[in-house]
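The file input10.pdb comes next; it holds PDB, C-alpha atoms.
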ATOM      1  CA  MET A 261       0.000   0.000   0.000
ATOM      2  CA  ARG A 262       1.275   3.442  -0.862
ATOM      3  CA  ALA A 263       2.441   5.217   2.269
ATOM      4  CA  LEU A 264       0.401   8.225   3.326
ATOM      5  CA  LEU A 265       1.946  11.663   3.162
ATOM      6  CA  LEU A 266       2.450  13.054   6.647
ATOM      7  CA  PRO A 267       2.555  16.793   7.357
ATOM      8  CA  LEU A 268       5.807  18.627   6.871
ATOM      9  CA  LEU A 269       7.408  18.590  10.306
ATOM     10  CA  ARG A 270      10.897  19.991  10.029
ATOM     11  CA  THR A 271      12.794  22.607   8.151
ATOM     12  CA  SER A 272      16.560  22.650   8.036
ATOM     13  CA  TRP A 273      18.550  25.787   7.429
ATOM     14  CA  ALA A 274      21.551  26.556   5.257
ATOM     15  CA  TRP A 275      23.135  29.265   3.152
ATOM     16  CA  PRO A 276      22.304  29.116  -0.542
ATOM     17  CA  VAL A 277      25.224  28.430  -2.852
ATOM     18  CA  GLY A 278      27.277  31.589  -3.268
ATOM     19  CA  ALA A 279      25.602  33.474  -0.424
ATOM     20  CA  ALA A 280      28.678  33.317   1.778
ATOM     21  CA  ALA A 281      30.792  34.828  -0.986
ATOM     22  CA  ALA A 282      28.274  37.611  -1.503
ATOM     23  CA  ALA A 283      28.203  38.345   2.200
ATOM     24  CA  ALA A 284      31.994  38.449   2.347
ATOM     25  CA  ALA A 285      32.093  40.854  -0.579
ATOM     26  CA  ARG A 286      29.903  43.304   1.356
ATOM     27  CA  LEU A 287      32.205  43.364   4.393
ATOM     28  CA  PRO A 288      34.404  46.422   4.945
ATOM     29  CA  ARG A 289      38.033  45.991   4.017
ATOM     30  CA  GLY A 290      39.873  44.163   6.770
ATOM     31  CA  ALA A 291      36.727  42.806   8.401
ATOM     32  CA  SER A 292      36.575  39.135   9.271
ATOM     33  CA  ALA A 293      34.421  36.824   7.170
ATOM     34  CA  GLY A 294      34.937  33.798   9.405
ATOM     35  CA  PRO A 295      32.160  31.238   9.855
ATOM     36  CA  GLY A 296      30.707  32.600  13.092
ATOM     37  CA  PRO A 297      26.996  32.861  14.000
ATOM     38  CA  ARG A 298      25.080  34.025  10.986
ATOM     39  CA  ARG A 299      21.599  34.688   9.683
ATOM     40  CA  THR A 300      20.444  31.790   7.552
ATOM     41  CA  MET A 301      17.948  31.202   4.777
ATOM     42  CA  THR A 302      15.633  28.273   4.227
ATOM     43  CA  LEU A 303      17.252  26.006   1.667
ATOM     44  CA  TYR A 304      16.241  22.452   2.537
ATOM     45  CA  ARG A 305      13.044  20.990   3.912
ATOM     46  CA  THR A 306      12.134  17.477   4.940
ATOM     47  CA  GLU A 307       8.981  15.459   4.405
ATOM     48  CA  GLU A 308       8.022  12.382   6.413
ATOM     49  CA  ARG A 309       6.253   9.440   4.862
ATOM     50  CA  GLY A 310       5.194   6.350   6.739
ATOM     51  CA  GLN A 311       5.093   5.977  10.498
ATOM     52  CA  PRO A 312       8.173   6.683  12.645
ATOM     53  CA  HIS A 313       9.723   3.583  14.232
ATOM     54  CA  SER A 314       8.419   1.392  11.422
ATOM     55  CA  PRO A 315      10.153  -0.214   8.419
ATOM     56  CA  ASP A 316       8.241   1.980   5.957
ATOM     57  CA  TYR A 317       9.279   5.300   7.519
ATOM     58  CA  ARG A 318      11.194   7.623   5.200
ATOM     59  CA  LEU A 319      12.361  11.207   5.527
ATOM     60  CA  PHE A 320      12.630  12.794   2.076
ATOM     61  CA  PHE A 321      14.417  16.049   1.281
ATOM     62  CA  LYS A 322      13.257  19.023  -0.776
ATOM     63  CA  ASN A 323      15.080  22.132  -1.945
ATOM     64  CA  VAL A 324      13.914  25.712  -1.487
ATOM     65  CA  ALA A 325      11.729  25.425  -4.610
ATOM     66  CA  GLY A 326       9.898  22.431  -3.130
ATOM     67  CA  HIS A 327      11.441  19.862  -5.461
ATOM     68  CA  TYR A 328      12.578  16.469  -4.189
ATOM     69  CA  ILE A 329      16.343  16.011  -4.021
ATOM     70  CA  SER A 330      18.842  13.458  -2.776
ATOM     71  CA  PRO A 331      20.645  14.437   0.454
ATOM     72  CA  PHE A 332      23.465  12.114  -0.635
ATOM     73  CA  HIS A 333      24.036  13.572  -4.106
ATOM     74  CA  ASP A 334      22.280  16.947  -4.449
ATOM     75  CA  ILE A 335      23.338  18.832  -1.319
ATOM     76  CA  PRO A 336      26.805  20.330  -1.914
ATOM     77  CA  LEU A 337      29.705  19.108   0.174
ATOM     78  CA  LYS A 338      31.005  22.633   0.634
ATOM     79  CA  VAL A 339      28.829  25.377   2.065
ATOM     80  CA  ASP A 340      30.158  27.869  -0.460
ATOM     81  CA  SER A 341      30.821  26.321  -3.853
ATOM     82  CA  GLU A 342      30.682  26.949  -7.548
ATOM     83  CA  GLU A 343      29.267  24.383  -9.913
ATOM     84  CA  GLU A 344      31.307  22.976 -12.764
ATOM     85  CA  ASN A 345      29.451  20.567 -15.024
ATOM     86  CA  GLY A 346      26.868  20.160 -12.289
ATOM     87  CA  ILE A 347      29.392  19.104  -9.621
ATOM     88  CA  PRO A 348      30.284  21.731  -6.990
ATOM     89  CA  THR A 349      33.983  22.568  -6.939
ATOM     90  CA  LYS A 350      36.010  24.491  -4.395
ATOM     91  CA  ARG A 351      36.850  28.156  -4.794
ATOM     92  CA  ALA A 352      39.716  30.092  -3.329
ATOM     93  CA  ARG A 353      38.768  30.937   0.263
ATOM     94  CA  ASN A 354      40.467  31.809   3.492
ATOM     95  CA  ASP A 355      41.233  28.984   5.893
ATOM     96  CA  GLU A 356      37.946  29.368   7.750
ATOM     97  CA  TYR A 357      35.757  29.047   4.661
ATOM     98  CA  GLU A 358      37.802  26.160   3.317
ATOM     99  CA  ASN A 359      36.832  24.223   6.427
ATOM    100  CA  VAL A 360      33.047  24.723   6.372
ATOM    101  CA  PHE A 361      30.978  21.783   5.139
ATOM    102  CA  ASN A 362      27.345  20.758   4.978
ATOM    103  CA  MET A 363      26.375  17.998   7.385
ATOM    104  CA  VAL A 364      23.152  16.009   7.049
ATOM    105  CA  VAL A 365      21.925  15.086  10.529
ATOM    106  CA  GLU A 366      20.712  11.489  10.697
ATOM    107  CA  VAL A 367      20.614  10.869  14.469
ATOM    108  CA  PRO A 368      20.028  13.577  17.110
ATOM    109  CA  ARG A 369      22.132  13.338  20.252
ATOM    110  CA  TRP A 370      20.808  11.113  23.071
ATOM    111  CA  THR A 371      18.514   9.116  20.753
ATOM    112  CA  ASN A 372      18.892   5.397  20.022
ATOM    113  CA  ALA A 373      17.217   4.686  16.673
ATOM    114  CA  LYS A 374      19.869   3.849  14.069
ATOM    115  CA  MET A 375      18.764   6.216  11.308
ATOM    116  CA  GLU A 376      20.769   6.536   8.106
ATOM    117  CA  ILE A 377      20.715   7.809   4.546
ATOM    118  CA  ALA A 378      19.274   5.000   2.438
ATOM    119  CA  THR A 379      22.100   4.781  -0.092
ATOM    120  CA  LYS A 380      20.449   1.986  -2.090
ATOM    121  CA  GLU A 381      17.058   3.692  -2.557
ATOM    122  CA  PRO A 382      16.008   6.341  -5.118
ATOM    123  CA  LEU A 383      16.697   9.869  -3.804
ATOM    124  CA  ASN A 384      18.295   8.354  -0.689
ATOM    125  CA  PRO A 385      15.814   9.333   2.055
ATOM    126  CA  ILE A 386      16.685   8.810   5.702
ATOM    127  CA  LYS A 387      15.293   5.556   7.115
ATOM    128  CA  GLN A 388      15.815   3.350  10.151
ATOM    129  CA  ASP A 389      18.238   0.519   9.616
ATOM    130  CA  VAL A 390      16.778  -2.989   9.689
ATOM    131  CA  LYS A 391      18.646  -6.196  10.491
ATOM    132  CA  ASP A 392      17.136  -9.688  10.496
ATOM    133  CA  GLY A 393      13.731  -8.099   9.994
ATOM    134  CA  LYS A 394      14.015  -5.923  13.098
ATOM    135  CA  LEU A 395      14.514  -2.182  13.444
ATOM    136  CA  ARG A 396      17.943  -1.357  14.847
ATOM    137  CA  TYR A 397      18.584   0.666  17.990
ATOM    138  CA  VAL A 398      21.958   1.267  19.602
ATOM    139  CA  ALA A 399      22.293   0.193  23.226
ATOM    140  CA  ASN A 400      22.957   2.651  26.029
ATOM    141  CA  ILE A 401      26.687   2.406  26.717
ATOM    142  CA  PHE A 402      27.144   3.314  30.364
ATOM    143  CA  PRO A 403      27.099   6.105  31.393
ATOM    144  CA  HIS A 404      25.656   7.439  28.132
ATOM    145  CA  LYS A 405      22.154   7.553  26.633
ATOM    146  CA  GLY A 406      22.074   6.701  22.933
ATOM    147  CA  TYR A 407      24.411   8.552  20.582
ATOM    148  CA  ILE A 408      26.663  10.999  22.429
ATOM    149  CA  TRP A 409      26.879  13.510  19.569
ATOM    150  CA  ASN A 410      24.627  14.656  16.760
ATOM    151  CA  TYR A 411      25.475  11.999  14.189
ATOM    152  CA  GLY A 412      25.246  12.282  10.441
ATOM    153  CA  ALA A 413      27.164  12.400   7.179
ATOM    154  CA  LEU A 414      28.839  14.715   4.698
ATOM    155  CA  PRO A 415      26.959  14.744   1.380
ATOM    156  CA  GLN A 416      28.796  14.088  -1.865
ATOM    157  CA  THR A 417      31.325  11.771  -0.215
ATOM    158  CA  TRP A 418      31.652   8.016  -0.618
ATOM    159  CA  GLU A 419      33.958   5.494   0.998
ATOM    160  CA  ASP A 420      34.659   3.233  -1.983
ATOM    161  CA  PRO A 421      34.540  -0.461  -0.939
ATOM    162  CA  HIS A 422      36.887  -1.350  -3.808
ATOM    163  CA  ARG A 423      39.556   1.227  -2.981
ATOM    164  CA  LYS A 424      42.122   0.447  -0.285
ATOM    165  CA  ASP A 425      43.067   3.365   1.911
ATOM    166  CA  LYS A 426      46.842   3.741   2.101
ATOM    167  CA  SER A 427      46.842   4.814   5.738
ATOM    168  CA  THR A 428      44.590   2.020   7.063
ATOM    169  CA  ASP A 429      45.252  -0.707   4.466
ATOM    170  CA  CYS A 430      41.489  -1.362   4.374
ATOM    171  CA  CYS A 431      38.821  -0.534   1.804
ATOM    172  CA  GLY A 432      35.904   1.816   2.447
ATOM    173  CA  ASP A 433      32.555   0.885   3.994
ATOM    174  CA  ASN A 434      30.374   1.874   0.983
ATOM    175  CA  ASP A 435      28.736   4.856   2.739
ATOM    176  CA  PRO A 436      29.068   8.637   2.902
ATOM    177  CA  ILE A 437      31.654   9.675   5.474
ATOM    178  CA  ASP A 438      30.246   9.887   9.019
ATOM    179  CA  VAL A 439      30.278  12.981  11.226
ATOM    180  CA  CYS A 440      30.116  13.331  15.012
ATOM    181  CA  GLU A 441      28.996  16.904  15.746
ATOM    182  CA  ILE A 442      30.038  17.912  19.271
ATOM    183  CA  GLY A 443      28.245  21.241  19.732
ATOM    184  CA  SER A 444      25.935  22.029  22.650
ATOM    185  CA  LYS A 445      22.624  21.970  20.737
ATOM    186  CA  VAL A 446      20.613  18.807  20.138
ATOM    187  CA  LEU A 447      19.895  18.945  16.400
ATOM    188  CA  SER A 448      16.912  17.497  14.541
ATOM    189  CA  ARG A 449      16.882  14.581  12.143
ATOM    190  CA  GLY A 450      17.117  15.906   8.594
ATOM    191  CA  GLU A 451      18.690  19.237   9.485
ATOM    192  CA  VAL A 452      21.456  20.412   7.181
ATOM    193  CA  VAL A 453      23.963  22.305   9.310
ATOM    194  CA  HIS A 454      27.280  23.980   8.643
ATOM    195  CA  VAL A 455      30.175  22.361  10.473
ATOM    196  CA  LYS A 456      33.894  22.865  10.665
ATOM    197  CA  ILE A 457      36.063  19.790  10.800
ATOM    198  CA  LEU A 458      38.373  19.278  13.770
ATOM    199  CA  GLY A 459      39.765  15.783  13.288
ATOM    200  CA  VAL A 460      38.969  12.176  12.457
ATOM    201  CA  LEU A 461      38.979   8.686  13.972
ATOM    202  CA  ALA A 462      39.615   5.582  11.848
ATOM    203  CA  LEU A 463      37.249   2.817  12.937
ATOM    204  CA  ILE A 464      37.916  -0.578  11.357
ATOM    205  CA  ASP A 465      34.558  -2.347  11.086
ATOM    206  CA  GLN A 466      34.756  -5.963   9.903
ATOM    207  CA  GLY A 467      37.840  -5.183   7.855
ATOM    208  CA  GLU A 468      36.456  -1.960   6.355
ATOM    209  CA  THR A 469      37.576   1.617   6.996
ATOM    210  CA  ASP A 470      34.750   3.595   8.595
ATOM    211  CA  TRP A 471      35.973   7.158   9.139
ATOM    212  CA  LYS A 472      34.376   9.179  11.948
ATOM    213  CA  LEU A 473      34.874  12.911  11.531
ATOM    214  CA  ILE A 474      34.833  15.132  14.611
ATOM    215  CA  ALA A 475      33.176  18.476  13.864
ATOM    216  CA  ILE A 476      31.326  21.366  15.459
ATOM    217  CA  ASN A 477      28.355  23.399  14.267
ATOM    218  CA  VAL A 478      29.696  26.801  13.187
ATOM    219  CA  ASN A 479      26.746  28.430  14.956
ATOM    220  CA  ASP A 480      27.545  26.807  18.285
ATOM    221  CA  PRO A 481      28.180  29.468  20.975
ATOM    222  CA  GLU A 482      31.673  28.058  21.533
ATOM    223  CA  ALA A 483      32.575  27.317  17.915
ATOM    224  CA  SER A 484      35.133  30.130  17.763
ATOM    225  CA  LYS A 485      37.287  28.247  20.304
ATOM    226  CA  PHE A 486      37.606  25.141  18.155
ATOM    227  CA  HIS A 487      40.054  24.968  15.259
ATOM    228  CA  ASP A 488      41.693  21.535  15.517
ATOM    229  CA  ILE A 489      41.514  18.271  17.443
ATOM    230  CA  GLU A 490      43.692  19.623  20.278
ATOM    231  CA  ASP A 491      40.992  22.172  21.061
ATOM    232  CA  VAL A 492      38.534  19.353  21.759
ATOM    233  CA  LYS A 493      40.971  17.956  24.313
ATOM    234  CA  LYS A 494      41.362  21.409  25.848
ATOM    235  CA  TYR A 495      37.776  22.647  25.993
ATOM    236  CA  LYS A 496      35.847  19.356  26.192
ATOM    237  CA  PRO A 497      38.129  17.139  28.298
ATOM    238  CA  GLY A 498      37.098  13.499  28.218
ATOM    239  CA  TYR A 499      34.928  13.810  25.103
ATOM    240  CA  LEU A 500      37.369  12.138  22.742
ATOM    241  CA  GLU A 501      38.008   9.333  25.229
ATOM    242  CA  ALA A 502      34.240   8.841  25.567
ATOM    243  CA  THR A 503      33.925   8.812  21.770
ATOM    244  CA  LEU A 504      36.599   6.156  21.420
ATOM    245  CA  ASN A 505      35.015   3.979  24.103
ATOM    246  CA  TRP A 506      31.544   4.413  22.618
ATOM    247  CA  PHE A 507      32.662   3.167  19.224
ATOM    248  CA  ARG A 508      34.726   0.425  20.802
ATOM    249  CA  PHE A 509      31.877  -1.057  22.833
ATOM    250  CA  TYR A 510      28.553  -0.140  21.176
ATOM    251  CA  LYS A 511      28.157  -3.446  19.311
ATOM    252  CA  ILE A 512      28.984  -5.682  22.265
ATOM    253  CA  PRO A 513      25.329  -5.807  23.451
ATOM    254  CA  GLU A 514      24.523  -7.309  20.018
ATOM    255  CA  GLY A 515      26.926 -10.155  20.723
ATOM    256  CA  LYS A 516      29.742  -8.771  18.580
ATOM    257  CA  PRO A 517      33.362  -8.246  19.615
ATOM    258  CA  GLU A 518      34.938  -4.878  20.364
ATOM    259  CA  ASN A 519      35.533  -2.659  17.372
ATOM    260  CA  GLN A 520      39.112  -2.032  16.298
ATOM    261  CA  PHE A 521      40.825   1.175  15.177
ATOM    262  CA  ALA A 522      43.682   2.207  12.946
ATOM    263  CA  PHE A 523      46.524   4.260  14.480
ATOM    264  CA  ASN A 524      45.876   2.578  17.875
ATOM    265  CA  GLY A 525      42.755   4.686  18.307
ATOM    266  CA  GLU A 526      44.570   7.995  17.863
ATOM    267  CA  PHE A 527      42.450  10.904  16.611
ATOM    268  CA  LYS A 528      44.073  12.500  13.586
ATOM    269  CA  ASN A 529      44.066  16.278  13.191
ATOM    270  CA  LYS A 530      42.136  18.620  10.923
ATOM    271  CA  ALA A 531      44.663  18.569   8.079
ATOM    272  CA  PHE A 532      44.545  14.777   7.950
ATOM    273  CA  ALA A 533      40.726  14.817   8.082
ATOM    274  CA  LEU A 534      40.468  17.305   5.212
ATOM    275  CA  GLU A 535      42.568  15.031   3.024
ATOM    276  CA  ILE A 536      40.214  12.143   3.799
ATOM    277  CA  ILE A 537      37.214  14.305   2.877
ATOM    278  CA  LYS A 538      38.896  15.311  -0.377
ATOM    279  CA  SER A 539      39.578  11.676  -1.241
ATOM    280  CA  THR A 540      36.019  10.519  -0.493
ATOM    281  CA  HIS A 541      34.623  13.427  -2.510
ATOM    282  CA  GLU A 542      36.694  12.334  -5.510
ATOM    283  CA  CYS A 543      35.347   8.806  -5.072
ATOM    284  CA  TRP A 544      31.814  10.214  -5.057
ATOM    285  CA  LYS A 545      32.487  12.116  -8.287
ATOM    286  CA  ALA A 546      33.620   8.905  -9.964
ATOM    287  CA  LEU A 547      30.517   7.148  -8.645
ATOM    288  CA  LEU A 548      28.138   9.791 -10.009
ATOM    289  CA  MET A 549      29.876   9.790 -13.388
ATOM    290  CA  ASP A 550      29.661   5.985 -13.582
ATOM    291  CA  LYS A 551      33.445   5.659 -13.669
ATOM    292  CA  CYS A 552      33.605   2.992 -10.969
ATOM    293  CA  ASP A 553      31.599   0.057  -9.665
ATOM    294  CA  GLY A 554      28.909   1.452  -7.396
ATOM    295  CA  GLY A 555      27.195  -1.881  -6.866
ATOM    296  CA  ALA A 556      23.730  -1.394  -5.370
ATOM    297  CA  ILE A 557      24.271   2.310  -4.571
ATOM    298  CA  ASN A 558      21.426   4.381  -6.043
ATOM    299  CA  CYS A 559      22.861   7.439  -7.793
ATOM    300  CA  THR A 560      19.593   9.060  -8.898
ATOM    301  CA  ASN A 561      19.975  12.826  -8.607
ATOM    302  CA  VAL A 562      18.309  15.996  -9.861
ATOM    303  CA  GLN A 563      21.195  18.490  -9.816
ATOM    304  CA  VAL A 564      24.341  16.826 -11.174
ATOM    305  CA  CYS A 565      23.378  17.546 -14.744
ATOM    306  CA  ASP A 566      26.210  15.661 -16.474
ATOM    307  CA  SER A 567      25.668  12.509 -14.441
ATOM    308  CA  PRO A 568      24.143   9.574 -16.350
ATOM    309  CA  PHE A 569      21.917   9.085 -13.293
ATOM    310  CA  HIS A 570      20.394  12.557 -13.510
ATOM    311  CA  CYS A 571      16.583  12.727 -13.513
ATOM    312  CA  SER A 572      14.031  15.492 -13.920
ATOM    313  CA  GLN A 573      12.048  17.101 -11.112
ATOM    314  CA  GLU A 574       8.942  15.330 -12.405
ATOM    315  CA  GLU A 575      10.686  11.963 -12.376
ATOM    316  CA  ALA A 576      11.914  12.586  -8.837
ATOM    317  CA  ARG A 577       8.411  13.402  -7.641
ATOM    318  CA  SER A 578       7.067  10.283  -9.342
ATOM    319  CA  LEU A 579       9.677   8.127  -7.589
ATOM    320  CA  VAL A 580       8.539   9.400  -4.205
ATOM    321  CA  GLU A 581       4.804   9.311  -4.864
ATOM    322  CA  SER A 582       4.909   5.805  -6.348
ATOM    323  CA  GLY A 583       5.675   4.415  -2.904
ATOM    324  CA  GLU A 584       8.068   1.874  -4.448
ATOM    325  CA  TRP A 585      10.474   2.414  -1.550
ATOM    326  CA  VAL A 586       8.070   0.726   0.879
TER     327      VAL A 586
END
Encoded form using structure tokens:
Amino acid sequence: MRALLLPLLRTSWAWPVGAAAAAAARLPRGASAGPGPRRTMTLYRTEERGQPHSPDYRLFFKNVAGHYISPFHDIPLKVDSEEENGIPTKRARNDEYENVFNMVVEVPRWTNAKMEIATKEPLNPIKQDVKDGKLRYVANIFPHKGYIWNYGALPQTWEDPHRKDKSTDCCGDNDPIDVCEIGSKVLSRGEVVHVKILGVLALIDQGETDWKLIAINVNDPEASKFHDIEDVKKYKPGYLEATLNWFRFYKIPEGKPENQFAFNGEFKNKAFALEIIKSTHECWKALLMDKCDGGAINCTNVQVCDSPFHCSQEEARSLVESGEWV
């Protein structure tokens, strides 16, 4: 049965492409254009279909014009980007702007439902993961409740399962790169927020590299204090140790062994993390241009015009309204 359309519940906020550059151009000479608290414009909305906490629940994304989009493929990786052949490319920016990315929030802090971008479904809505016919929830790892950060992913990145990472000697996990946002605010599922990257942890999950970026919302009241991984140690003592332990133990209640890490569980710094993001973005480009084996990954998109997987707005709407994802 076709799932019923539920009312629009959430709106996420982000700068439109190029808005940051325009704002910077209006600043007086010598003024700072760093990514501090800023006024934002509505750019992405979410639409729920199906019932929450059920296998048919999906959270679809729309752009400011009300057209369905893929949060995996159609939301730019960089907050401020130019498009070249439909794929956003970086522009010359100061260090602050070079380190501002869009993050798609999948799991709000303190919640337990394992929500994720459905990489194998058309337009890649957010859904709850299912294993052995049952909805997945993470256990509470003492002394924590659910996820201890706002958890999500960077769009337009892909950890290629056929490409071995030189630093970990393991291939990717076939997903967008994960983000642990450590700001003070509990974010909402489906929000698209601007984050700056502080570092990265290399989780090795069943022989696959599963990068975990550490980032902070640029609009967090304390964001100006954080520039690299050492600042997390300084201003949030114990948070990185808690993060490492959380990832080490969270699958044990499911009967699985402890997770392992590359680099003996050491958190790598911002520079290292940015290189990982760059690499996974290049892998995503190859995926969208059908230059590598994407397997079951669904690459349907409405904004990467040169991609062989590009579809029209009407086709995107038809994919959602057909209910074929149920």
### Message
When you look at A:Phe509 with a cut-off of 9 Å (counting all atoms listed in the file), what residues show up, excluding the ones that are within fewer than 3 positions of it in the same chain? I need them as number ranges by chain.
### Response
A: 401, 504-506, 512-513, 517-519
### Message
Residues within 9 Å of stretch 521-529 of chain A, please, as a list in words. Count only C-alpha atoms; anything in the same chain fewer than 6 positions from it doesn't count.
### Response
Ser427, Thr428, Leu458, Gly459, Val460, Leu461, Ala462, Leu463, Ile464, Asp465, Thr469, Ile474, Asp488, Ile489, Glu490, Leu500, Leu504 and Arg508 of chain A
Using only C-alpha atoms, tabulate the residues of stretch 459-572 of chain A lying at most 10 Å from any atom of stretch 429-443 of chain A, each with its closest atom pair and that distance in Å to one decimal, by chain and increasing residue number, as CSV.
residue,atom,partner,partner_atom,distance
A:Val460,CA,A:Val439,CA,8.8
A:Ile464,CA,A:Cys430,CA,7.9
A:Asp465,CA,A:Asp433,CA,8.0
A:Gln466,CA,A:Asp433,CA,9.3
A:Gly467,CA,A:Cys430,CA,6.3
A:Glu468,CA,A:Cys431,CA,5.3
A:Thr469,CA,A:Gly432,CA,4.9
A:Asp470,CA,A:Asp433,CA,5.8
A:Trp471,CA,A:Ile437,CA,6.2
A:Lys472,CA,A:Asp438,CA,5.1
A:Leu473,CA,A:Val439,CA,4.6
A:Ile474,CA,A:Cys440,CA,5.1
A:Ala475,CA,A:Glu441,CA,4.8
A:Ile476,CA,A:Glu441,CA,5.0
A:Asn477,CA,A:Gly443,CA,5.9
A:Val478,CA,A:Gly443,CA,8.7
A:Asn479,CA,A:Gly443,CA,8.8
A:Asp480,CA,A:Gly443,CA,5.8
A:Pro481,CA,A:Gly443,CA,8.3
A:Glu482,CA,A:Gly443,CA,7.8
A:Ala483,CA,A:Gly443,CA,7.7
A:Val492,CA,A:Ile442,CA,9.0
A:Lys496,CA,A:Ile442,CA,9.2
A:Tyr499,CA,A:Ile442,CA,8.6
A:Leu500,CA,A:Ile442,CA,10.0
A:Thr503,CA,A:Cys440,CA,9.0
A:Ala522,CA,A:Asp429,CA,9.1
A:Ile536,CA,A:Ile437,CA,9.1
A:Ile537,CA,A:Ile437,CA,7.7
A:Thr540,CA,A:Ile437,CA,7.4
A:His541,CA,A:Pro436,CA,9.1
A:Trp544,CA,A:Pro436,CA,8.6
A:Gly554,CA,A:Asn434,CA,8.5
A:Gly555,CA,A:Asn434,CA,9.3
A:Ala556,CA,A:Asn434,CA,9.8
A:Ile557,CA,A:Asn434,CA,8.3
### Query
If you measure from atom CA of A:Asn362 to atom CA of A:Leu579, what distance in Å do you get, rounded to one decimal?
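Taking atom CA of A:Asn362 as the start and atom CA of A:Leu579 as the end point, the length is 25.1 Å.
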### Task
Mind giving me the straight-line distance from atom CA of A:His333 to atom CA of A:Leu447 in Å, one decimal?
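These two atoms are separated by 21.6 Å.
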### Task
One decimal, Å: what's the distance from atom CA of A:His422 over to atom CA of A:Phe332, could you say?
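So the two atoms, atom CA of A:His422 and atom CA of A:Phe332, lie 19.3 Å apart.
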Mind giving me the axis-aligned box for stretch 378-397 of chain A with 5 Å on every side, centre plus edges in Å to one decimal, as JSON?
{"center_x": 17.9, "center_y": 0.1, "center_z": 6.4, "size_x": 18.4, "size_y": 29.6, "size_z": 33.1}
### Message
Within 12 Å of (21.9, 12.5, -4.8) (file coordinates; all atoms listed in the file), which protein or nucleic acid residues are there? I'd like them as number ranges by chain.
### Response
A: 320-322, 328-337, 346-347, 377-385, 414-418, 436, 544-545, 547-548, 557-565, 567, 569-571, 576
### Query
Looking at all atoms listed in the file, which of A:Tyr304, A:Ala399, A:Asp389, A:Leu534 is the one that sits closest to A:Glu514?
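The answer is A:Ala399, which sits nearest to A:Glu514.
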### Message
Taking the file as I've supplied it (selection: the PyMOL selection byres ((chain A and resi 396) around 12)), which residues are included? Please answer as an NGL selection string.
### Response
:A and (313-315 or 372-376 or 387-395 or 397-399 or 511 or 514)
### Task
Quick one: apply the PyMOL selection byres ((chain A and resi 451) around 12) to the file and drop the selected residues here as a ChimeraX atom specification.
/A:269-274,302-307,319-322,331,335,362-368,386,410-413,446-450,452-455,477
### Message
So, with all atoms listed in the file as the atoms that count, which of A:Trp370, A:Phe361, A:Tyr317, A:Tyr407 lies closest to A:Phe507?
### Response
A:Tyr407
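Checking A:Lys456, A:Arg318, A:Lys485, A:Arg423 one by one against A:Glu584, counting all atoms listed in the file, you find the shortest gap at A:Arg318.
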### Query
Any idea what's packed within 9 Å of A:Arg577, counting all atoms listed in the file, ignoring anything in its chain fewer than 5 positions away? Could you give it as a list in words?
His327, Tyr328, Ser572 and Ser582 of chain A
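Using all atoms listed in the file, the nearest neighbour of A:Thr371 within the list A:Pro312, A:Pro568, A:Gly326, A:Gly406 is A:Gly406.
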